[in-house]
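Written out below as C-alpha cells is the structure these notes cover.
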Amino acid sequence: MRALQLAAPGERLAVLCLAAHSDDIEIGAGATLLSMMDRGIRLEVHWCVLSGAGEREQEAKSSAADFLASAANAKIEVMSFRDGFFPEQDDAIKSWFETLKRRANPDVILTHRRDDAHQDHRQVCRLTWNTFRDHCILEYEIPKWDGDLGQPNLYMPISARVLQRKIELLISHFGSQGSKHWFDRETFLGLARLRGMECRAPERYAEAFFARKLSLV
C-alpha cells in the first residue's frame, strides 16, 4: 500500500491536539507525535486538555512538556470543566471552542473518536467537527473497560523505541491512573501490536485513527 505523509522532514506542521482528560492525547496519539518529531518534522503544537484540576492538571502539563520537548513550538492549555459531565456543560464548552477557533488554525487536528463510549470524549469530538469545518481531523482511540474499539482506517507505523518511550512517559507521569486495571504497559503495547499487524508496520507497531474526511492533491 502506498504511504501518504502529512509533512516531510524539515517541513512545518501545525497540530491542534484536543482531549477531554489529561492522559487522552498521550494514549491515543503520543507515539505519532513523537515519531513526527523524530523524523525531523517541525511540529507546532497547540495542546488542549479540557478537564484538569489539582493533581490531574500538574500531570497534564508535565506530561505534555515531555512529549513535546522536541517540538518547534508548543502551547499547552488545561481547562477545568467537570470530568464526566461534559454534556451537561455543553454551552460553556461550546463557548470555549468558539474562542479556540479564533486562536488556532491548524493543519491537522487530533481529537476523540466520534463513537467513543465515554460521554466526555464524544462531546469533544462533536464540538471539534462543529467548530473546525475546513480542517483535516483525525480521531484517535482510547482503550477502556467498555470494549468500544472500532475499525480504524488510518495508521501511523511507529518504531519499538518510540512506543517504549510513549509507555515510559505515560507510566511515569500519570500516577493517579495506576489503580485502573487497564492502565498498564501490556494494554498500550498490545493495542499498538494489533494496529501494527493490521497495517503491516515495519517494526510491528502502530497507532490508528479514524479519518472521516480527507482531501488529496
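Starting from 1 in every chain, residues are counted up; chains themselves are A, B, ... following the order of the C-alpha cells, and ligands are numbered from 1 as listed.
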8 Å contact set for region 138-142 of chain A, only C-alpha atoms, chain neighbours under 2 positions out, as a PDB file with N, CA and C atoms, in the first residue's frame:
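And here's out21.pdb as it stands now:
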```
ATOM      1  N   ASP A  24      -5.386  11.549  27.658  1.00  0.00           N
ATOM      2  CA  ASP A  24      -6.003  11.067  26.420  1.00  0.00           C
ATOM      3  C   ASP A  24      -5.117  11.245  25.188  1.00  0.00           C
ATOM      4  N   ILE A  27      -2.213   8.751  25.202  1.00  0.00           N
ATOM      5  CA  ILE A  27      -2.622   7.375  24.928  1.00  0.00           C
ATOM      6  C   ILE A  27      -2.980   7.208  23.450  1.00  0.00           C
ATOM      7  N   GLY A  28      -3.773   8.138  22.924  1.00  0.00           N
ATOM      8  CA  GLY A  28      -4.274   7.988  21.572  1.00  0.00           C
ATOM      9  C   GLY A  28      -3.305   8.345  20.476  1.00  0.00           C
ATOM     10  N   ALA A  29      -2.431   9.337  20.715  1.00  0.00           N
ATOM     11  CA  ALA A  29      -1.587   9.845  19.622  1.00  0.00           C
ATOM     12  C   ALA A  29      -0.172  10.192  20.064  1.00  0.00           C
ATOM     13  N   VAL A 108      -3.608  20.090  11.030  1.00  0.00           N
ATOM     14  CA  VAL A 108      -4.190  18.808  11.444  1.00  0.00           C
ATOM     15  C   VAL A 108      -4.740  18.943  12.854  1.00  0.00           C
ATOM     16  N   ILE A 109      -5.882  18.300  13.091  1.00  0.00           N
ATOM     17  CA  ILE A 109      -6.468  18.261  14.430  1.00  0.00           C
ATOM     18  C   ILE A 109      -6.564  16.814  14.880  1.00  0.00           C
ATOM     19  N   LEU A 110      -6.083  16.533  16.074  1.00  0.00           N
ATOM     20  CA  LEU A 110      -6.224  15.217  16.695  1.00  0.00           C
ATOM     21  C   LEU A 110      -7.252  15.324  17.799  1.00  0.00           C
ATOM     22  N   THR A 111      -8.296  14.505  17.719  1.00  0.00           N
ATOM     23  CA  THR A 111      -9.374  14.585  18.694  1.00  0.00           C
ATOM     24  C   THR A 111      -9.915  13.192  18.972  1.00  0.00           C
ATOM     25  N   HIS A 112     -10.920  13.107  19.843  1.00  0.00           N
ATOM     26  CA  HIS A 112     -11.514  11.828  20.213  1.00  0.00           C
ATOM     27  C   HIS A 112     -12.337  11.238  19.070  1.00  0.00           C
ATOM     28  N   ARG A 113     -12.595   9.954  19.185  1.00  0.00           N
ATOM     29  CA  ARG A 113     -13.395   9.233  18.193  1.00  0.00           C
ATOM     30  C   ARG A 113     -14.886   9.522  18.381  1.00  0.00           C
ATOM     31  N   ARG A 114     -15.561   9.678  17.287  1.00  0.00           N
ATOM     32  CA  ARG A 114     -16.984  10.043  17.314  1.00  0.00           C
ATOM     33  C   ARG A 114     -17.826   9.043  18.087  1.00  0.00           C
ATOM     34  N   ASP A 116     -16.869   6.972  20.527  1.00  0.00           N
ATOM     35  CA  ASP A 116     -16.276   6.575  21.801  1.00  0.00           C
ATOM     36  C   ASP A 116     -17.371   6.392  22.856  1.00  0.00           C
ATOM     37  N   CYS A 125     -15.404  15.404  20.492  1.00  0.00           N
ATOM     38  CA  CYS A 125     -15.392  15.130  19.053  1.00  0.00           C
ATOM     39  C   CYS A 125     -16.482  15.903  18.330  1.00  0.00           C
ATOM     40  N   CYS A 136      -8.320  19.111   8.436  1.00  0.00           N
ATOM     41  CA  CYS A 136      -8.045  17.677   8.468  1.00  0.00           C
ATOM     42  C   CYS A 136      -8.154  17.221   9.919  1.00  0.00           C
ATOM     43  N   LYS A 144     -10.495   0.968  26.830  1.00  0.00           N
ATOM     44  CA  LYS A 144     -11.161   1.120  28.123  1.00  0.00           C
ATOM     45  C   LYS A 144     -12.014  -0.106  28.426  1.00  0.00           C
ATOM     46  N   LEU A 149     -13.474  -0.400  21.059  1.00  0.00           N
ATOM     47  CA  LEU A 149     -12.544  -0.175  19.951  1.00  0.00           C
ATOM     48  C   LEU A 149     -13.230  -0.481  18.625  1.00  0.00           C
ATOM     49  N   ALA A 208      -3.531   4.012  15.524  1.00  0.00           N
ATOM     50  CA  ALA A 208      -4.568   4.042  14.498  1.00  0.00           C
ATOM     51  C   ALA A 208      -5.546   5.187  14.746  1.00  0.00           C
ATOM     52  N   PHE A 209      -6.131   5.660  13.638  1.00  0.00           N
ATOM     53  CA  PHE A 209      -7.034   6.804  13.685  1.00  0.00           C
ATOM     54  C   PHE A 209      -8.230   6.563  12.773  1.00  0.00           C
ATOM     55  N   PHE A 210      -9.247   7.385  12.967  1.00  0.00           N
ATOM     56  CA  PHE A 210     -10.439   7.353  12.127  1.00  0.00           C
ATOM     57  C   PHE A 210     -10.455   8.660  11.335  1.00  0.00           C
ATOM     58  N   ALA A 211     -10.316   8.559  10.016  1.00  0.00           N
ATOM     59  CA  ALA A 211     -10.299   9.729   9.144  1.00  0.00           C
ATOM     60  C   ALA A 211     -11.641   9.780   8.420  1.00  0.00           C
ATOM     61  N   ARG A 212     -12.517  10.660   8.867  1.00  0.00           N
ATOM     62  CA  ARG A 212     -13.860  10.743   8.282  1.00  0.00           C
ATOM     63  C   ARG A 212     -13.872  11.455   6.945  1.00  0.00           C
TER      64      ARG A 212
END
```
Practice task
Please provide as an NGL selection string all residues within 10 Å of Met37 (chain A), with the sequence filter that same-chain residues fewer than 6 positions apart are discarded (counting only C-alpha atoms).
Solution key: :A and (9-10 or 31 or 43 or 67-72)
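If you measure from each of A:Ile167, A:Met1, A:Met79, A:Cys199 to Ser22 (chain A) using only C-alpha atoms, the closest one turns out to be A:Met79.
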Practice task
From the DSSP assignment of the backbone, select every residue of region 21-112 of chain A that is alpha helix (DSSP H), and format the answer as a PyMOL selection string.
Solution key: chain A and resi 24-38+55-67+90-103
Handout entry: Among the residues A:Arg133, A:Lys101, A:Arg185, A:Lys166, the one that comes closest to Ile25 (chain A) [using only C-alpha atoms]
Key = A:Lys166
Practice task
Show which residues sit within 9 Å of Ala60 (chain A), as a PyMOL selection string. Count only C-alpha atoms, and ignore same-chain residues fewer than 6 positions away.
Solution key: chain A and resi 21-23+49+52+76+78+173-174
Fill in the blank from the handout: Across A:Ala160, A:Leu214, A:Leu33, A:Leu127, the smallest distance to Ala20 (chain A), with only C-alpha atoms counted, is shown by A:Leu127
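Straight-line separation from CA of Phe86 (chain A) to CA of Ala19 (chain A): 11.9 Å.
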